[in-house]
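Trainee: My structure is stored as run_14.txt, with compact mmCIF, C-alpha atoms.
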# COMPACT_ATOMS: atom_id res chain seq x y z
CA ILE A 1059 91.41 104.76 112.00
CA LEU A 1060 93.92 104.10 109.19
CA ASN A 1061 97.55 104.86 110.00
CA VAL A 1062 99.92 106.71 107.66
CA GLU A 1063 103.50 107.16 108.77
CA GLN A 1064 106.28 109.34 107.46
CA SER A 1065 109.98 109.26 108.17
CA PRO A 1066 112.06 111.01 109.12
CA GLN A 1067 110.08 113.54 111.13
CA SER A 1068 112.57 116.27 110.22
CA LEU A 1069 115.66 116.60 108.12
CA HIS A 1070 118.42 119.20 107.75
CA VAL A 1071 120.54 119.07 104.61
CA GLN A 1072 123.07 121.32 102.93
CA GLU A 1073 122.29 123.07 99.67
CA GLY A 1074 123.15 120.73 96.82
CA ASP A 1075 122.57 117.52 98.78
CA SER A 1076 120.10 114.97 97.49
CA THR A 1077 117.61 113.58 99.95
CA ASN A 1078 114.66 111.25 100.22
CA PHE A 1079 111.91 110.41 102.65
CA THR A 1080 109.31 107.74 103.11
CA CYS A 1081 105.56 107.45 103.42
CA SER A 1082 104.07 104.17 104.69
CA PHE A 1083 100.39 103.38 104.29
CA PRO A 1084 98.01 100.39 104.47
CA SER A 1085 98.49 98.05 101.51
CA SER A 1086 94.78 97.21 101.24
CA ASN A 1087 91.95 99.29 99.76
CA PHE A 1088 94.36 101.48 97.82
CA TYR A 1089 92.91 104.13 95.53
CA ALA A 1090 95.56 106.87 95.36
CA LEU A 1091 98.53 108.34 97.17
CA HIS A 1092 99.12 112.10 97.19
CA TRP A 1093 102.21 114.15 98.02
CA TYR A 1094 101.88 117.77 99.12
CA ARG A 1095 104.41 120.48 99.86
CA TRP A 1096 103.53 122.91 102.63
CA GLU A 1097 105.69 125.99 102.90
CA THR A 1098 105.49 128.21 105.94
CA ALA A 1099 102.68 130.79 105.74
CA LYS A 1100 101.30 129.22 102.54
CA SER A 1101 98.68 126.63 101.65
CA PRO A 1102 99.68 123.01 101.08
CA GLU A 1103 100.14 122.41 97.35
CA ALA A 1104 99.87 119.12 95.53
CA LEU A 1105 103.07 117.68 94.10
CA PHE A 1106 101.94 114.29 92.83
CA VAL A 1107 98.87 112.10 92.65
CA MET A 1108 99.89 108.47 92.22
CA THR A 1109 97.45 105.70 91.46
CA LEU A 1110 99.29 102.71 89.96
CA ASN A 1111 101.73 100.31 91.57
CA GLY A 1112 105.19 101.05 90.21
CA ASP A 1113 104.27 104.63 89.32
CA GLU A 1114 107.16 107.04 89.08
CA LYS A 1115 106.44 110.75 88.78
CA LYS A 1116 108.80 113.67 88.33
CA LYS A 1117 108.52 117.43 88.59
CA GLY A 1118 111.81 119.22 88.08
CA ARG A 1119 114.24 118.01 90.77
CA ILE A 1120 111.54 116.20 92.73
CA SER A 1121 110.39 112.68 91.97
CA ALA A 1122 108.31 110.02 93.69
CA THR A 1123 107.82 106.28 93.47
CA LEU A 1124 104.97 104.09 94.61
CA ASN A 1125 104.72 100.50 95.83
CA THR A 1126 101.11 99.68 96.64
CA LYS A 1127 101.76 95.99 97.36
CA GLU A 1128 104.05 96.76 100.29
CA GLY A 1129 102.48 100.09 101.15
CA TYR A 1130 105.17 102.72 100.71
CA SER A 1131 106.12 105.69 98.61
CA TYR A 1132 109.44 107.52 98.40
CA LEU A 1133 109.91 111.18 97.63
CA TYR A 1134 113.32 112.21 96.26
CA ILE A 1135 114.79 115.68 95.94
CA LYS A 1136 117.91 116.00 93.82
CA GLY A 1137 120.29 118.87 94.53
CA SER A 1138 118.26 120.46 97.33
CA GLN A 1139 117.85 124.23 97.27
CA PRO A 1140 116.82 126.56 100.13
CA GLU A 1141 113.45 127.07 98.43
CA ASP A 1142 112.76 123.34 98.91
CA SER A 1143 112.51 123.97 102.65
CA ALA A 1144 108.97 122.95 103.60
CA THR A 1145 106.94 120.22 105.22
CA TYR A 1146 106.19 117.36 102.85
CA LEU A 1147 102.91 115.57 103.50
CA CYS A 1148 101.69 112.34 102.05
CA ALA A 1149 98.02 111.42 102.00
CA PHE A 1150 96.58 107.96 101.56
CA HIS A 1151 93.32 107.95 99.64
CA PRO A 1152 91.48 104.65 100.06
CA GLY A 1153 88.48 105.82 98.07
CA GLN A 1154 86.58 108.14 100.32
CA ASN A 1155 88.53 110.58 102.43
CA PHE A 1156 92.24 111.26 102.72
CA VAL A 1157 94.38 110.11 105.62
CA PHE A 1158 97.42 112.35 106.06
CA GLY A 1159 100.77 111.44 107.50
CA PRO A 1160 102.41 113.73 110.08
CA GLY A 1161 104.81 115.14 107.49
CA THR A 1162 108.56 115.40 107.04
CA ARG A 1163 109.95 118.85 107.77
CA LEU A 1164 112.87 119.61 105.44
CA SER A 1165 115.32 122.44 106.05
CA VAL A 1166 117.90 123.16 103.37
CA LEU A 1167 120.80 125.21 104.65
CA PRO A 1168 122.61 127.53 102.21
CA ASP B 1036 93.58 128.63 89.20
CA VAL B 1037 91.51 127.18 91.98
CA LYS B 1038 91.20 129.50 94.88
CA VAL B 1039 90.17 128.54 98.38
CA THR B 1040 89.85 131.39 100.84
CA GLN B 1041 89.35 131.40 104.57
CA SER B 1042 87.84 134.28 106.46
CA SER B 1043 90.70 134.89 108.88
CA ARG B 1044 94.41 134.05 109.08
CA TYR B 1045 94.60 134.58 112.83
CA LEU B 1046 91.85 134.53 115.42
CA VAL B 1047 91.87 134.84 119.20
CA LYS B 1048 88.75 133.85 121.11
CA ARG B 1049 87.79 133.29 124.71
CA THR B 1050 86.69 130.01 126.24
CA GLY B 1051 82.97 129.50 125.77
CA GLU B 1052 82.60 131.79 122.77
CA LYS B 1053 80.87 130.59 119.62
CA VAL B 1054 83.34 130.70 116.72
CA PHE B 1055 82.66 130.67 112.99
CA LEU B 1056 85.34 129.80 110.46
CA GLU B 1057 84.32 130.44 106.87
CA CYS B 1058 85.68 128.83 103.73
CA VAL B 1059 84.86 129.71 100.14
CA GLN B 1060 86.04 128.01 96.93
CA ASP B 1061 85.55 129.34 93.42
CA MET B 1062 85.88 126.23 91.23
CA ASP B 1063 82.49 124.58 91.66
CA HIS B 1064 83.96 121.67 93.60
CA GLU B 1065 81.47 119.23 95.08
CA ASN B 1066 83.65 118.10 97.99
CA MET B 1067 84.77 120.31 100.84
CA PHE B 1068 86.69 119.45 104.00
CA TRP B 1069 87.74 120.91 107.33
CA TYR B 1070 90.97 119.74 108.96
CA ARG B 1071 92.96 120.73 111.99
CA GLN B 1072 96.70 120.46 112.18
CA ASP B 1073 98.63 120.11 115.44
CA PRO B 1074 102.38 119.69 115.96
CA GLY B 1075 103.54 116.11 115.40
CA LEU B 1076 100.19 115.03 114.01
CA GLY B 1077 98.95 114.85 110.45
CA LEU B 1078 96.02 116.82 109.19
CA ARG B 1079 93.00 115.38 110.97
CA LEU B 1080 89.61 115.46 109.34
CA ILE B 1081 86.89 117.18 111.34
CA TYR B 1082 83.95 117.24 108.93
CA PHE B 1083 83.40 116.94 105.21
CA SER B 1084 80.65 117.57 102.71
CA TYR B 1085 80.01 116.02 99.31
CA ASP B 1086 77.15 118.28 98.35
CA VAL B 1087 75.06 121.24 99.39
CA LYS B 1088 73.29 120.71 102.71
CA MET B 1089 75.12 117.41 103.13
CA LYS B 1090 77.64 116.84 105.94
CA GLU B 1091 79.49 113.89 107.34
CA LYS B 1092 81.59 113.50 110.47
CA GLY B 1093 85.28 112.98 110.06
CA ASP B 1094 87.67 111.50 112.58
CA ILE B 1095 87.43 114.21 115.26
CA PRO B 1096 84.00 115.92 115.06
CA GLU B 1097 83.43 116.40 118.79
CA GLY B 1098 82.92 120.04 119.72
CA TYR B 1099 82.38 121.12 116.10
CA SER B 1100 79.53 121.47 113.66
CA VAL B 1101 79.38 122.59 110.03
CA SER B 1102 77.07 124.25 107.58
CA ARG B 1103 76.92 124.08 103.81
CA GLU B 1104 74.04 126.14 102.49
CA LYS B 1105 75.73 126.97 99.18
CA LYS B 1106 78.05 124.88 97.07
CA GLU B 1107 80.95 127.28 97.32
CA ARG B 1108 80.82 127.89 101.08
CA PHE B 1109 81.57 125.52 103.95
CA SER B 1110 81.52 126.86 107.49
CA LEU B 1111 83.03 125.32 110.60
CA ILE B 1112 81.38 126.20 113.91
CA LEU B 1113 82.82 125.81 117.37
CA GLU B 1114 79.71 125.88 119.53
CA SER B 1115 81.58 126.69 122.74
CA ALA B 1116 85.29 127.17 122.19
CA SER B 1117 87.69 125.40 124.52
CA THR B 1118 91.44 125.73 124.96
CA ASN B 1119 92.03 122.28 123.41
CA GLN B 1120 90.61 123.67 120.18
CA THR B 1121 93.59 125.98 119.81
CA SER B 1122 95.01 124.83 116.49
CA MET B 1123 95.58 125.54 112.82
CA TYR B 1124 92.40 124.96 110.81
CA LEU B 1125 92.58 124.21 107.10
CA CYS B 1126 89.78 124.08 104.60
CA ALA B 1127 90.08 122.15 101.34
CA SER B 1128 88.00 121.36 98.29
CA ARG B 1129 88.22 118.98 95.35
CA LEU B 1130 86.30 117.38 92.55
CA GLN B 1131 85.05 113.82 92.92
CA GLY B 1132 87.47 111.00 92.13
CA ALA B 1133 91.23 110.71 92.63
CA GLY B 1134 91.95 114.40 92.13
CA GLU B 1135 94.05 116.47 94.46
CA GLN B 1136 92.69 118.64 97.24
CA TYR B 1137 93.10 122.40 97.08
CA PHE B 1138 93.75 124.05 100.39
CA GLY B 1139 93.03 127.44 101.86
CA PRO B 1140 95.75 129.39 103.69
CA GLY B 1141 94.62 128.23 107.11
CA THR B 1142 93.28 129.95 110.21
CA ARG B 1143 95.39 129.88 113.33
CA LEU B 1144 92.90 129.91 116.19
CA THR B 1145 93.92 130.59 119.75
CA VAL B 1146 91.39 130.02 122.52
CA THR B 1147 92.30 131.63 125.83
Re-express the file's structure as structure tokens.
Mentor:
Amino acid sequence: ILNVEQSPQSLHVQEGDSTNFTCSFPSSNFYALHWYRWETAKSPEALFVMTLNGDEKKKGRISATLNTKEGYSYLYIKGSQPEDSATYLCAFHPGQNFVFGPGTRLSVLP
Amino acid sequence: DVKVTQSSRYLVKRTGEKVFLECVQDMDHENMFWYRQDPGLGLRLIYFSYDVKMKEKGDIPEGYSVSREKKERFSLILESASTNQTSMYLCASRLQGAGEQYFGPGTRLTVT
């Protein structure tokens, strides 16, 4: 079974802080890397789908980078807001099914 | 907007009962998936289907079966529920290729 790791497991930041977390995945058989945001009592929603080494994607205050050669992706949140509080999941997609990491649980304190 | 619905948000069942979890998607997606999510673990794939009447085992299929009689509907069946099947169950669908998965709201199942 392929292993996808995320760090940290949880994070508490103050409103306005910038933060980042990591997803590590196998560097072979890469097809795509997905980031999802999962808010409490809601469905996970896709943030980014990344397919090329060196990809950088941005959506508002959230951005992500991808390094397929070394097998990691970073997710950055600039100026965190309470509504950013959620679990952030990454999913490694080697071509068939997805392998999800355990998630990083972010709490943004007002 | 893609919509994935699940039949129940919360469910409480007794050990040994047969349990059906239903999932319906409205965007004509070929691929459908059932996951369970437990604290400290990522979403783990139970079963998936790439087409009608087609099913494949995921990483943790033991104690589960599935049915896909129509393209839009994918059912997860617990033949004889056990307490270690207490979990959050998520259904998802997507088109073929690198596209994202669309998730349902989840069913929190408690087996007592």
Trainee: Using all atoms listed in the file, determine which residues of chain B fall within 6 Å of chain A; present them as a VMD selection string.
Mentor: chain B and resid 1075 to 1078 1138 to 1140
Trainee: Could you give me, as a PDB file with C-alpha atoms, in the frame of the given file, the residues within 10 Å of B:Tyr1137, counting all atoms listed in the file and dropping anything in the same chain fewer than 2 positions from it?
Mentor:
ATOM      1  CA  SER A1101      98.680 126.630 101.650  1.00  0.00           C
ATOM      2  CA  PRO A1102      99.680 123.010 101.080  1.00  0.00           C
ATOM      3  CA  GLU A1103     100.140 122.410  97.350  1.00  0.00           C
ATOM      4  CA  ALA A1104      99.870 119.120  95.530  1.00  0.00           C
TER       5      ALA A1104
ATOM      6  CA  VAL B1037      91.510 127.180  91.980  1.00  0.00           C
ATOM      7  CA  LYS B1038      91.200 129.500  94.880  1.00  0.00           C
ATOM      8  CA  VAL B1039      90.170 128.540  98.380  1.00  0.00           C
ATOM      9  CA  GLN B1060      86.040 128.010  96.930  1.00  0.00           C
ATOM     10  CA  HIS B1064      83.960 121.670  93.600  1.00  0.00           C
ATOM     11  CA  MET B1067      84.770 120.310 100.840  1.00  0.00           C
ATOM     12  CA  PHE B1068      86.690 119.450 104.000  1.00  0.00           C
ATOM     13  CA  CYS B1126      89.780 124.080 104.600  1.00  0.00           C
ATOM     14  CA  ALA B1127      90.080 122.150 101.340  1.00  0.00           C
ATOM     15  CA  SER B1128      88.000 121.360  98.290  1.00  0.00           C
ATOM     16  CA  ARG B1129      88.220 118.980  95.350  1.00  0.00           C
ATOM     17  CA  LEU B1130      86.300 117.380  92.550  1.00  0.00           C
ATOM     18  CA  GLY B1134      91.950 114.400  92.130  1.00  0.00           C
ATOM     19  CA  GLU B1135      94.050 116.470  94.460  1.00  0.00           C
ATOM     20  CA  GLY B1139      93.030 127.440 101.860  1.00  0.00           C
ATOM     21  CA  PRO B1140      95.750 129.390 103.690  1.00  0.00           C
TER      22      PRO B1140
END
Trainee: Take every atom of stretch 1105-1118 of chain B listed in the file, pad by 8 Å on each side, and give me the axis-aligned box centre and edge lengths in Å, one decimal, as JSON.
Mentor:
{"center_x": 83.6, "center_y": 126.4, "center_z": 111.0, "size_x": 31.7, "size_y": 19.0, "size_z": 43.9}
Trainee: Just checking: using all atoms listed in the file, which residue out of A:Val1166, A:Asn1111, A:Trp1096, A:Gly1074 ends up closest to A:Ser1143?
Mentor: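 Smallest distance to A:Ser1143 is found for A:Val1166.
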Trainee: Give me, please, the distance in Å between atom CA of B:Tyr1124 and atom CA of A:Ser1121, quoted to one decimal.
Mentor: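 Straight-line distance from atom CA of B:Tyr1124 to atom CA of A:Ser1121 works out to 28.8 Å.
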Trainee: Please determine, counting only C-alpha atoms, which residue among B:Ile1112, B:Asp1073, B:Gln1131, B:Gly1093 has the shortest atom-to-atom distance to B:Val1054.
Mentor: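 So, comparing all the options, the nearest one is B:Ile1112.
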Trainee: Using all atoms listed in the file for the distances, tell me which of B:Asp1086, B:Thr1050, B:Tyr1070, B:Thr1040 is nearest to B:Glu1114.
Mentor: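 Comparing B:Asp1086, B:Thr1050, B:Tyr1070, B:Thr1040 against B:Glu1114, the winner is B:Thr1050.
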Trainee: Could you jot down the atom CA of B:Arg1049 to atom CA of B:Arg1079 separation for me, Å, one decimal place?
Mentor: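 Between atom CA of B:Arg1049 and atom CA of B:Arg1079 the gap is 23.2 Å.
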Trainee: Would you compute the distance between atom CA of A:Thr1080 and atom CA of A:Tyr1132? Give it in Å to one decimal.
Mentor: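 Between atom CA of A:Thr1080 and atom CA of A:Tyr1132 the gap is 4.7 Å.
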Trainee: I'd like the neighbourhood of A:Asn1078 as a ChimeraX atom specification, where a residue qualifies if any of its atoms comes within 9 Å (using only C-alpha atoms), though same-chain residues fewer than 5 positions away should be ignored.
Mentor: /A:1132-1136
Trainee: Would you save the residues of that selection, restricted to C-alpha atoms, as a short mmCIF file (atom, residue, chain, number, x, y, z; two decimals), in the frame of the given file?
Mentor:
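So result-v9.cif came out as:
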data_model
loop_
_atom_site.label_atom_id
_atom_site.label_comp_id
_atom_site.auth_asym_id
_atom_site.auth_seq_id
_atom_site.Cartn_x
_atom_site.Cartn_y
_atom_site.Cartn_z
CA TYR A 1132 109.44 107.52 98.40
CA LEU A 1133 109.91 111.18 97.63
CA TYR A 1134 113.32 112.21 96.26
CA ILE A 1135 114.79 115.68 95.94
CA LYS A 1136 117.91 116.00 93.82
#
Trainee: Show me, as number ranges by chain, the residues that have an atom within 12 Å of B:Lys1106 when counting all atoms listed in the file, minus same-chain residues fewer than 4 positions from it.
Mentor: B: 1058-1067, 1084-1090, 1102, 1110, 1128-1129
